[in-house]
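Trainee: I'd like to ask you about the structure that follows.
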Amino acid sequence: MAFLPQLRIPATYMRGGTSKGVFFRLQDLPEAAQVPGPARDALLMRVIGSPDPYGKHTDGMGGATSSTSKCVIIAPASVPDHDVDYLYGQVSIDSAFVDWSGNCGNLSTAVGPFAIANGFVPAARIPRDGTVAVRVWQANIGKTIIVHVPVRDGQVQETGDFELDGVTFPAAEIVLEFIDPSDDEGEGGSMFPTGNLVDELDVPGVGALRATMITAGIPTVFVEAAALGYDGTELQPAINEDKAALARLEAIRVAAALRMGLIRAPEEAATRQHTPKVAFVAPARDYVASSGKHIAAADIDLNVRALSMGKLHHAMMGTASVAIATAAAVPGTLVNLAAGGGQREAVRFGHPSGTLRVGAAVARVDGQWTVTKAVMSRSARVLMEGAVRVPGDTF
């Protein structure tokens, strides 16, 4: 039997926020993978090492977690007044599936530096020292992200003293602006797709729960930690090693997806694993983060824990952080109430790895809440660049 040699595909391995992924220029992909479809999905799965029944990604670039099983495709902008198109694929670990339904807010951070380093931003706009505002078109959800990238001596500045909980080493600070971040999908066509700030969500096998369902950043359902028997200080082992808990949280996700109009039948949730996110909130409380760092209740407004791809996230997804910021800014949501209620433009919340400050600008227009912008700081850097190899018979 003849075996084809491996393909060599130019790629960059990057960390963005608390995630990392394999970045490609669209033009560098094999022709069959330059368009959406089975060939592209097969390629990205093979790059990551999925599906892997062992759950290790030993034969790929993935890290066998939702935070590290990601691919990004960058192309010249298809929308005026933007620098690049950014397409994000969340690769399932143990099944043959790539979810294109949402964005990765963490990897959005790395898109700006990648765009500058790969010539997508005109040289005339890059100062010798200063900041470049890279305008990114997020192609999965059709939204604008402005990535403010620091530049030193005409090159992207990656090193610095900005510390991000969930990332071991400091780096240069990158400020992200998510413009008009509400998805506005689902049956209601608004930021709160049911039309309510708080709903009673009937969850099979769980019961009735109060829930805030929102589409800002990424479709997310927020429930109260206490209603699930939690206090909001849980770390990954408390949730991820409890199969019954994971099943309950997945049932909440499916019920919310139906209520938000994201799916029409429960079985469709299996092909939409990336969204909606499930998060539980609680008032501020002391806890010890996964790093051993003590987090004082006085230093945060609330605690939030969120799941990604069926597991509790080790820190917080960037898109879910946008949802947190937006919901916290709207008086009466469960997130806002957990933070103490009232008007607020920013919150600092506790997550399993530490804390994060996020802000959002919201307004009530014609009886509906809207969000114009959400802002947060992250960091990014290149981990490796060159080429990835995949077997020639991948697709």
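Scheme for the structure tokens: letters A, B, ... for chains in order shown; per-chain residue numbers from 1; ligand numbers from 1 in order shown.
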Can you tell me which residues surround Gly217 in chain A at a distance of at most 9 Å, considering only C-alpha atoms, apart from same-chain residues fewer than 3 positions away, and format the answer as a VMD selection string?
Mentor: chain A and resid 102 to 103 105 178 180 to 183 214 220 318 to 324 326 374
Trainee: List as an MDAnalysis selection string the protein and nucleic acid residues near Met61 in chain A, meaning an atom at most 9 Å away when only C-alpha atoms are counted, but skip any in the same chain fewer than 6 places from it.
Mentor: chainID A and resid 13 21:22 46:49 68:69 388
Trainee: Considering only C-alpha atoms, state which residue in the set A:Gly261, A:Gly207, A:Pro170, A:Pro113 is at the smallest distance from Gln155 in chain A.
Mentor: A:Pro113
Trainee: So which residues touch Gly350 in chain A within 7 Å, counting only C-alpha atoms, skipping near sequence neighbours fewer than 3 positions away, as a PyMOL selection string?
Mentor: chain A and resi 300+302-304+354-356
Trainee: Range 140-355 of chain A: which residues are strand (DSSP E) by DSSP, as a VMD selection string?
Mentor: chain A and resid 143 to 152 155 to 156 174 to 179 199 to 203 207 to 214 220 to 224 277 to 283 287 to 288 294 to 295 302 to 308 311 to 312 346 to 351 354 to 355
Trainee: Tell me, as a ChimeraX atom specification, which residues lie within 8 Å of Val151 in chain A, counting only C-alpha atoms; anything in the same chain fewer than 3 positions away does not count.
Mentor: /A:126-132,154-157
Trainee: Could you please take those selected residues and save N, CA, C and O atoms as a PDB file, in the first residue's frame?
Mentor:
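The new file part17.pdb reads:
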```
ATOM      1  N   ILE A 126       1.943  51.917  10.772  1.00  0.00           N
ATOM      2  CA  ILE A 126       2.686  51.333  11.884  1.00  0.00           C
ATOM      3  C   ILE A 126       3.767  52.313  12.336  1.00  0.00           C
ATOM      4  O   ILE A 126       4.737  52.556  11.613  1.00  0.00           O
ATOM      5  N   PRO A 127       3.623  52.903  13.510  1.00  0.00           N
ATOM      6  CA  PRO A 127       4.628  53.866  13.983  1.00  0.00           C
ATOM      7  C   PRO A 127       5.897  53.149  14.440  1.00  0.00           C
ATOM      8  O   PRO A 127       5.890  51.928  14.656  1.00  0.00           O
ATOM      9  N   ARG A 128       6.955  53.885  14.590  1.00  0.00           N
ATOM     10  CA  ARG A 128       8.172  53.283  15.137  1.00  0.00           C
ATOM     11  C   ARG A 128       7.935  52.867  16.587  1.00  0.00           C
ATOM     12  O   ARG A 128       8.326  51.779  17.011  1.00  0.00           O
ATOM     13  N   ASP A 129       7.268  53.739  17.333  1.00  0.00           N
ATOM     14  CA  ASP A 129       6.897  53.439  18.713  1.00  0.00           C
ATOM     15  C   ASP A 129       5.490  53.972  18.942  1.00  0.00           C
ATOM     16  O   ASP A 129       5.198  55.108  18.580  1.00  0.00           O
ATOM     17  N   GLY A 130       4.650  53.158  19.536  1.00  0.00           N
ATOM     18  CA  GLY A 130       3.281  53.590  19.784  1.00  0.00           C
ATOM     19  C   GLY A 130       2.317  52.427  19.780  1.00  0.00           C
ATOM     20  O   GLY A 130       2.654  51.322  20.212  1.00  0.00           O
ATOM     21  N   THR A 131       1.116  52.679  19.270  1.00  0.00           N
ATOM     22  CA  THR A 131       0.068  51.662  19.246  1.00  0.00           C
ATOM     23  C   THR A 131      -0.620  51.661  17.890  1.00  0.00           C
ATOM     24  O   THR A 131      -0.858  52.715  17.307  1.00  0.00           O
ATOM     25  N   VAL A 132      -0.924  50.467  17.404  1.00  0.00           N
ATOM     26  CA  VAL A 132      -1.666  50.314  16.154  1.00  0.00           C
ATOM     27  C   VAL A 132      -3.054  49.765  16.477  1.00  0.00           C
ATOM     28  O   VAL A 132      -3.183  48.741  17.164  1.00  0.00           O
ATOM     29  N   GLY A 154       9.094  49.655  15.482  1.00  0.00           N
ATOM     30  CA  GLY A 154       8.403  49.232  14.274  1.00  0.00           C
ATOM     31  C   GLY A 154       7.925  47.793  14.277  1.00  0.00           C
ATOM     32  O   GLY A 154       7.357  47.327  13.287  1.00  0.00           O
ATOM     33  N   GLN A 155       8.126  47.090  15.402  1.00  0.00           N
ATOM     34  CA  GLN A 155       7.726  45.684  15.497  1.00  0.00           C
ATOM     35  C   GLN A 155       6.713  45.511  16.640  1.00  0.00           C
ATOM     36  O   GLN A 155       6.682  46.310  17.579  1.00  0.00           O
ATOM     37  N   VAL A 156       5.899  44.481  16.525  1.00  0.00           N
ATOM     38  CA  VAL A 156       4.954  44.188  17.598  1.00  0.00           C
ATOM     39  C   VAL A 156       5.712  43.974  18.899  1.00  0.00           C
ATOM     40  O   VAL A 156       6.679  43.211  18.958  1.00  0.00           O
ATOM     41  N   GLN A 157       5.291  44.662  19.951  1.00  0.00           N
ATOM     42  CA  GLN A 157       5.895  44.472  21.265  1.00  0.00           C
ATOM     43  C   GLN A 157       5.159  43.333  21.975  1.00  0.00           C
ATOM     44  O   GLN A 157       3.960  43.414  22.233  1.00  0.00           O
TER      45      GLN A 157
END
```
Trainee: Considering only C-alpha atoms, state which residue in the set A:Val35, A:Ala171, A:Ala251, A:Ala315 is at the smallest distance from Ser66 in chain A.
Mentor: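 Result for the nearest residue to Ser66 in chain A: A:Ala315.
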Trainee: Need the shell around range 363-371 of chain A: protein/DNA/RNA residues with any atom at most 12 Å away, counting only C-alpha atoms. Skip same-chain ones fewer than 2 positions apart. Format as JSON, numbers by chain?
Mentor: {"A": [178, 179, 180, 181, 182, 183, 184, 188, 189, 190, 191, 192, 193, 194, 195, 196, 197, 214, 215, 216, 217, 322, 323, 325, 326, 327, 328, 329, 330, 331, 332, 333, 343, 344, 345, 359, 360, 361, 373, 374, 375]}
Trainee: Can you write out the residues you just picked, keeping N, CA and C atoms, as a short mmCIF file (atom, residue, chain, number, x, y, z; two decimals), in the first residue's frame?
Mentor:
```cif
data_model
loop_
_atom_site.label_atom_id
_atom_site.label_comp_id
_atom_site.auth_asym_id
_atom_site.auth_seq_id
_atom_site.Cartn_x
_atom_site.Cartn_y
_atom_site.Cartn_z
N PHE A 178 -14.65 45.39 21.75
CA PHE A 178 -15.65 44.62 21.01
C PHE A 178 -16.79 45.59 20.68
N ILE A 179 -16.94 45.92 19.40
CA ILE A 179 -17.91 46.93 18.98
C ILE A 179 -19.26 46.28 18.71
N ASP A 180 -20.32 46.86 19.28
CA ASP A 180 -21.66 46.33 19.10
C ASP A 180 -21.66 44.81 19.26
N PRO A 181 -21.24 44.31 20.44
CA PRO A 181 -20.95 42.88 20.56
C PRO A 181 -22.15 41.96 20.72
N SER A 182 -23.37 42.51 20.74
CA SER A 182 -24.52 41.63 20.88
C SER A 182 -24.76 40.87 19.58
N ASP A 183 -24.95 39.56 19.70
CA ASP A 183 -25.17 38.70 18.53
C ASP A 183 -26.51 38.96 17.87
N ASP A 184 -27.50 39.30 18.69
CA ASP A 184 -28.85 39.57 18.19
C ASP A 184 -29.44 38.40 17.41
N GLY A 188 -35.82 36.25 19.63
CA GLY A 188 -36.20 37.60 20.00
C GLY A 188 -35.51 38.68 19.20
N GLY A 189 -34.38 38.37 18.61
CA GLY A 189 -33.65 39.35 17.82
C GLY A 189 -33.09 40.49 18.63
N SER A 190 -32.90 40.31 19.94
CA SER A 190 -32.35 41.36 20.77
C SER A 190 -31.27 40.78 21.66
N MET A 191 -30.61 41.67 22.42
CA MET A 191 -29.53 41.23 23.30
C MET A 191 -30.03 40.23 24.33
N PHE A 192 -31.27 40.40 24.78
CA PHE A 192 -31.92 39.44 25.65
C PHE A 192 -33.00 38.75 24.81
N PRO A 193 -32.68 37.61 24.22
CA PRO A 193 -33.54 37.04 23.18
C PRO A 193 -34.95 36.67 23.65
N THR A 194 -35.14 36.44 24.95
CA THR A 194 -36.50 36.16 25.43
C THR A 194 -37.27 37.43 25.72
N GLY A 195 -36.57 38.57 25.71
CA GLY A 195 -37.20 39.84 26.05
C GLY A 195 -37.17 40.15 27.53
N ASN A 196 -36.63 39.23 28.34
CA ASN A 196 -36.60 39.40 29.78
C ASN A 196 -35.17 39.43 30.31
N LEU A 197 -34.97 40.15 31.40
CA LEU A 197 -33.66 40.16 32.05
C LEU A 197 -33.44 38.90 32.87
N ILE A 214 -28.38 35.98 27.45
CA ILE A 214 -27.89 37.16 26.75
C ILE A 214 -27.04 36.74 25.56
N THR A 215 -26.98 37.59 24.54
CA THR A 215 -26.20 37.25 23.34
C THR A 215 -24.97 38.14 23.17
N ALA A 216 -24.64 38.97 24.13
CA ALA A 216 -23.49 39.86 24.00
C ALA A 216 -22.19 39.07 24.11
N GLY A 217 -21.28 39.30 23.18
CA GLY A 217 -20.02 38.57 23.17
C GLY A 217 -20.19 37.19 22.60
N VAL A 322 -17.16 39.34 27.86
CA VAL A 322 -17.99 40.39 27.27
C VAL A 322 -19.43 40.24 27.76
N ALA A 323 -19.92 39.01 27.79
CA ALA A 323 -21.28 38.76 28.28
C ALA A 323 -21.40 39.17 29.74
N ALA A 325 -19.56 41.45 31.37
CA ALA A 325 -19.49 42.90 31.45
C ALA A 325 -20.82 43.54 31.08
N THR A 326 -21.42 43.03 30.01
CA THR A 326 -22.68 43.60 29.53
C THR A 326 -23.82 43.33 30.50
N ALA A 327 -23.94 42.09 30.93
CA ALA A 327 -25.02 41.74 31.85
C ALA A 327 -24.87 42.47 33.18
N ALA A 328 -23.63 42.65 33.63
CA ALA A 328 -23.40 43.37 34.89
C ALA A 328 -23.82 44.83 34.79
N ALA A 329 -23.75 45.38 33.58
CA ALA A 329 -24.08 46.80 33.39
C ALA A 329 -25.58 47.05 33.31
N VAL A 330 -26.36 46.00 33.17
CA VAL A 330 -27.82 46.15 33.05
C VAL A 330 -28.47 45.84 34.39
N PRO A 331 -29.05 46.83 35.06
CA PRO A 331 -29.66 46.60 36.38
C PRO A 331 -30.75 45.53 36.32
N GLY A 332 -30.66 44.57 37.24
CA GLY A 332 -31.70 43.56 37.35
C GLY A 332 -31.35 42.19 36.81
N THR A 333 -30.26 42.06 36.04
CA THR A 333 -29.85 40.73 35.60
C THR A 333 -29.25 39.97 36.78
N GLN A 343 -26.27 50.75 38.90
CA GLN A 343 -25.59 51.11 37.66
C GLN A 343 -24.10 50.86 37.80
N ARG A 344 -23.49 50.26 36.82
CA ARG A 344 -22.04 50.03 36.86
C ARG A 344 -21.52 49.90 35.43
N GLU A 345 -20.40 50.56 35.17
CA GLU A 345 -19.78 50.52 33.84
C GLU A 345 -18.70 49.45 33.74
N GLY A 359 -15.38 45.96 31.15
CA GLY A 359 -16.33 47.06 31.13
C GLY A 359 -17.21 47.01 29.91
N ALA A 360 -18.38 47.65 30.01
CA ALA A 360 -19.29 47.70 28.88
C ALA A 360 -20.11 48.98 28.94
N ALA A 361 -20.45 49.49 27.75
CA ALA A 361 -21.31 50.66 27.65
C ALA A 361 -22.66 50.20 27.13
N LYS A 373 -20.31 48.81 23.21
CA LYS A 373 -18.90 48.46 23.26
C LYS A 373 -18.60 47.74 24.56
N ALA A 374 -17.69 46.76 24.48
CA ALA A 374 -17.14 46.13 25.67
C ALA A 374 -15.62 46.19 25.56
N VAL A 375 -14.95 46.39 26.70
CA VAL A 375 -13.50 46.60 26.69
C VAL A 375 -12.83 45.72 27.74
#
```
Trainee: Go through range 59-164 of chain A and collect every residue that DSSP, computed from the backbone, puts in helix (DSSP H, G or I); the answer should be as a PyMOL selection string.
Mentor: chain A and resi 105-117+123-125
Trainee: Using N, CA, C and O atoms, can you export the residues from the last selection as a PDB file, in the first residue's frame?
Mentor:
```pdb
ATOM      1  N   GLY A 105     -12.841  35.097  22.188  1.00  0.00           N
ATOM      2  CA  GLY A 105     -12.389  36.424  22.596  1.00  0.00           C
ATOM      3  C   GLY A 105     -10.931  36.462  22.973  1.00  0.00           C
ATOM      4  O   GLY A 105     -10.247  37.465  22.751  1.00  0.00           O
ATOM      5  N   ASN A 106     -10.426  35.367  23.553  1.00  0.00           N
ATOM      6  CA  ASN A 106      -9.021  35.330  23.921  1.00  0.00           C
ATOM      7  C   ASN A 106      -8.121  35.373  22.693  1.00  0.00           C
ATOM      8  O   ASN A 106      -7.172  36.161  22.618  1.00  0.00           O
ATOM      9  N   LEU A 107      -8.399  34.510  21.711  1.00  0.00           N
ATOM     10  CA  LEU A 107      -7.559  34.501  20.511  1.00  0.00           C
ATOM     11  C   LEU A 107      -7.744  35.750  19.659  1.00  0.00           C
ATOM     12  O   LEU A 107      -6.884  36.062  18.825  1.00  0.00           O
ATOM     13  N   SER A 108      -8.840  36.482  19.882  1.00  0.00           N
ATOM     14  CA  SER A 108      -9.002  37.769  19.195  1.00  0.00           C
ATOM     15  C   SER A 108      -7.808  38.671  19.481  1.00  0.00           C
ATOM     16  O   SER A 108      -7.402  39.478  18.638  1.00  0.00           O
ATOM     17  N   THR A 109      -7.253  38.536  20.676  1.00  0.00           N
ATOM     18  CA  THR A 109      -6.095  39.343  21.071  1.00  0.00           C
ATOM     19  C   THR A 109      -4.923  39.118  20.140  1.00  0.00           C
ATOM     20  O   THR A 109      -4.207  40.060  19.764  1.00  0.00           O
ATOM     21  N   ALA A 110      -4.697  37.864  19.752  1.00  0.00           N
ATOM     22  CA  ALA A 110      -3.543  37.516  18.925  1.00  0.00           C
ATOM     23  C   ALA A 110      -3.729  37.881  17.458  1.00  0.00           C
ATOM     24  O   ALA A 110      -2.753  37.943  16.709  1.00  0.00           O
ATOM     25  N   VAL A 111      -4.971  38.138  17.054  1.00  0.00           N
ATOM     26  CA  VAL A 111      -5.230  38.465  15.649  1.00  0.00           C
ATOM     27  C   VAL A 111      -4.533  39.768  15.264  1.00  0.00           C
ATOM     28  O   VAL A 111      -3.981  39.894  14.158  1.00  0.00           O
ATOM     29  N   GLY A 112      -4.556  40.761  16.162  1.00  0.00           N
ATOM     30  CA  GLY A 112      -3.904  42.034  15.865  1.00  0.00           C
ATOM     31  C   GLY A 112      -2.414  41.881  15.608  1.00  0.00           C
ATOM     32  O   GLY A 112      -1.913  42.300  14.561  1.00  0.00           O
ATOM     33  N   PRO A 113      -1.651  41.287  16.540  1.00  0.00           N
ATOM     34  CA  PRO A 113      -0.226  41.062  16.294  1.00  0.00           C
ATOM     35  C   PRO A 113       0.046  40.227  15.046  1.00  0.00           C
ATOM     36  O   PRO A 113       0.975  40.522  14.286  1.00  0.00           O
ATOM     37  N   PHE A 114      -0.753  39.195  14.811  1.00  0.00           N
ATOM     38  CA  PHE A 114      -0.563  38.355  13.628  1.00  0.00           C
ATOM     39  C   PHE A 114      -0.769  39.173  12.351  1.00  0.00           C
ATOM     40  O   PHE A 114       0.001  39.054  11.387  1.00  0.00           O
ATOM     41  N   ALA A 115      -1.799  40.018  12.350  1.00  0.00           N
ATOM     42  CA  ALA A 115      -2.088  40.833  11.169  1.00  0.00           C
ATOM     43  C   ALA A 115      -0.943  41.783  10.853  1.00  0.00           C
ATOM     44  O   ALA A 115      -0.553  41.957   9.689  1.00  0.00           O
ATOM     45  N   ILE A 116      -0.359  42.388  11.888  1.00  0.00           N
ATOM     46  CA  ILE A 116       0.758  43.309  11.678  1.00  0.00           C
ATOM     47  C   ILE A 116       1.983  42.556  11.176  1.00  0.00           C
ATOM     48  O   ILE A 116       2.623  42.950  10.188  1.00  0.00           O
ATOM     49  N   ALA A 117       2.303  41.453  11.828  1.00  0.00           N
ATOM     50  CA  ALA A 117       3.517  40.697  11.486  1.00  0.00           C
ATOM     51  C   ALA A 117       3.441  40.070  10.098  1.00  0.00           C
ATOM     52  O   ALA A 117       4.477  39.813   9.467  1.00  0.00           O
ATOM     53  N   ALA A 123       2.132  49.477   6.052  1.00  0.00           N
ATOM     54  CA  ALA A 123       3.312  49.929   6.788  1.00  0.00           C
ATOM     55  C   ALA A 123       3.183  51.387   7.226  1.00  0.00           C
ATOM     56  O   ALA A 123       3.706  51.775   8.275  1.00  0.00           O
ATOM     57  N   ALA A 124       2.467  52.190   6.450  1.00  0.00           N
ATOM     58  CA  ALA A 124       2.313  53.609   6.766  1.00  0.00           C
ATOM     59  C   ALA A 124       1.557  53.832   8.073  1.00  0.00           C
ATOM     60  O   ALA A 124       1.666  54.894   8.678  1.00  0.00           O
ATOM     61  N   ARG A 125       0.802  52.836   8.515  1.00  0.00           N
ATOM     62  CA  ARG A 125       0.025  52.975   9.747  1.00  0.00           C
ATOM     63  C   ARG A 125       0.765  52.460  10.971  1.00  0.00           C
ATOM     64  O   ARG A 125       0.253  52.531  12.091  1.00  0.00           O
TER      65      ARG A 125
END
```
Trainee: Check the smallest atom-to-atom distance from each of A:Ala257, A:Ile174, A:Leu43, A:Ala244 to Gln6 in chain A using only C-alpha atoms, then report the winner.
Mentor: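 Ranking A:Ala257, A:Ile174, A:Leu43, A:Ala244 by distance to Gln6 in chain A, first place goes to A:Leu43.
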Trainee: What's the 9 Å shell around Leu201 in chain A, counting only C-alpha atoms, without same-chain residues fewer than 2 positions away, as a PDB file with N, CA, C and O atoms, in the first residue's frame?
Mentor:
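Contents of around_19.pdb, as written:
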```pdb
ATOM      1  N   ASP A 199     -35.442  35.023  33.448  1.00  0.00           N
ATOM      2  CA  ASP A 199     -36.495  34.073  33.096  1.00  0.00           C
ATOM      3  C   ASP A 199     -36.483  32.910  34.074  1.00  0.00           C
ATOM      4  O   ASP A 199     -35.480  32.646  34.744  1.00  0.00           O
ATOM      5  N   VAL A 203     -35.636  23.037  33.237  1.00  0.00           N
ATOM      6  CA  VAL A 203     -34.570  22.160  32.771  1.00  0.00           C
ATOM      7  C   VAL A 203     -34.918  20.715  33.112  1.00  0.00           C
ATOM      8  O   VAL A 203     -35.021  20.364  34.293  1.00  0.00           O
ATOM      9  N   GLY A 207     -35.018  20.872  37.056  1.00  0.00           N
ATOM     10  CA  GLY A 207     -36.089  21.664  37.634  1.00  0.00           C
ATOM     11  C   GLY A 207     -36.083  23.083  37.093  1.00  0.00           C
ATOM     12  O   GLY A 207     -35.428  23.385  36.095  1.00  0.00           O
ATOM     13  N   ALA A 208     -36.804  23.958  37.775  1.00  0.00           N
ATOM     14  CA  ALA A 208     -36.909  25.354  37.358  1.00  0.00           C
ATOM     15  C   ALA A 208     -35.778  26.171  37.973  1.00  0.00           C
ATOM     16  O   ALA A 208     -35.522  26.079  39.178  1.00  0.00           O
ATOM     17  N   LEU A 209     -35.105  26.955  37.138  1.00  0.00           N
ATOM     18  CA  LEU A 209     -34.001  27.807  37.582  1.00  0.00           C
ATOM     19  C   LEU A 209     -34.215  29.219  37.084  1.00  0.00           C
ATOM     20  O   LEU A 209     -34.679  29.421  35.950  1.00  0.00           O
ATOM     21  N   ARG A 210     -33.851  30.198  37.898  1.00  0.00           N
ATOM     22  CA  ARG A 210     -33.815  31.565  37.393  1.00  0.00           C
ATOM     23  C   ARG A 210     -32.602  31.701  36.481  1.00  0.00           C
ATOM     24  O   ARG A 210     -31.516  31.199  36.807  1.00  0.00           O
ATOM     25  N   ALA A 211     -32.775  32.381  35.348  1.00  0.00           N
ATOM     26  CA  ALA A 211     -31.686  32.479  34.373  1.00  0.00           C
ATOM     27  C   ALA A 211     -31.731  33.818  33.661  1.00  0.00           C
ATOM     28  O   ALA A 211     -32.804  34.347  33.374  1.00  0.00           O
ATOM     29  N   ILE A 252     -28.809  22.278  31.297  1.00  0.00           N
ATOM     30  CA  ILE A 252     -29.114  23.706  31.357  1.00  0.00           C
ATOM     31  C   ILE A 252     -28.766  24.373  30.036  1.00  0.00           C
ATOM     32  O   ILE A 252     -29.530  25.193  29.505  1.00  0.00           O
ATOM     33  N   ALA A 255     -31.388  23.438  27.394  1.00  0.00           N
ATOM     34  CA  ALA A 255     -32.654  24.126  27.654  1.00  0.00           C
ATOM     35  C   ALA A 255     -32.557  25.601  27.273  1.00  0.00           C
ATOM     36  O   ALA A 255     -33.502  26.170  26.702  1.00  0.00           O
ATOM     37  N   ALA A 256     -31.423  26.220  27.579  1.00  0.00           N
ATOM     38  CA  ALA A 256     -31.237  27.633  27.235  1.00  0.00           C
ATOM     39  C   ALA A 256     -31.141  27.815  25.726  1.00  0.00           C
ATOM     40  O   ALA A 256     -31.693  28.773  25.169  1.00  0.00           O
ATOM     41  N   ARG A 259     -34.604  27.780  24.456  1.00  0.00           N
ATOM     42  CA  ARG A 259     -35.352  28.977  24.867  1.00  0.00           C
ATOM     43  C   ARG A 259     -34.868  30.216  24.127  1.00  0.00           C
ATOM     44  O   ARG A 259     -35.643  31.140  23.829  1.00  0.00           O
TER      45      ARG A 259
END
```
Trainee: May I ask which of the residues A:Leu228, A:Asp165, A:Gln236, A:Thr271 is the closest one to Ile295 in chain A, counting only C-alpha atoms?
Mentor: A:Asp165
Trainee: Within 10 Å of Ala298 in chain A, counting only C-alpha atoms, which residues qualify if same-chain residues fewer than 5 places away don't, as a ChimeraX atom specification?
Mentor: /A:284-286
Trainee: Which one of A:Val79, A:Val121, A:Leu337, A:Val91 sits closest to Ala64 in chain A if you count only C-alpha atoms?
Mentor: A:Val91
Trainee: Quick check, in Å to one decimal: how far apart do CA of Pro219 in chain A and CA of Val254 in chain A lie?
Mentor: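 Separation of CA of Pro219 in chain A and CA of Val254 in chain A: 12.2 Å.
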Trainee: Nearest to His351 in chain A among A:Val278, A:Ala247, A:Leu235, A:Leu334, with distances taken over only C-alpha atoms: which residue is it?
Mentor: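 Closest residue, counting only C-alpha atoms: A:Leu235.
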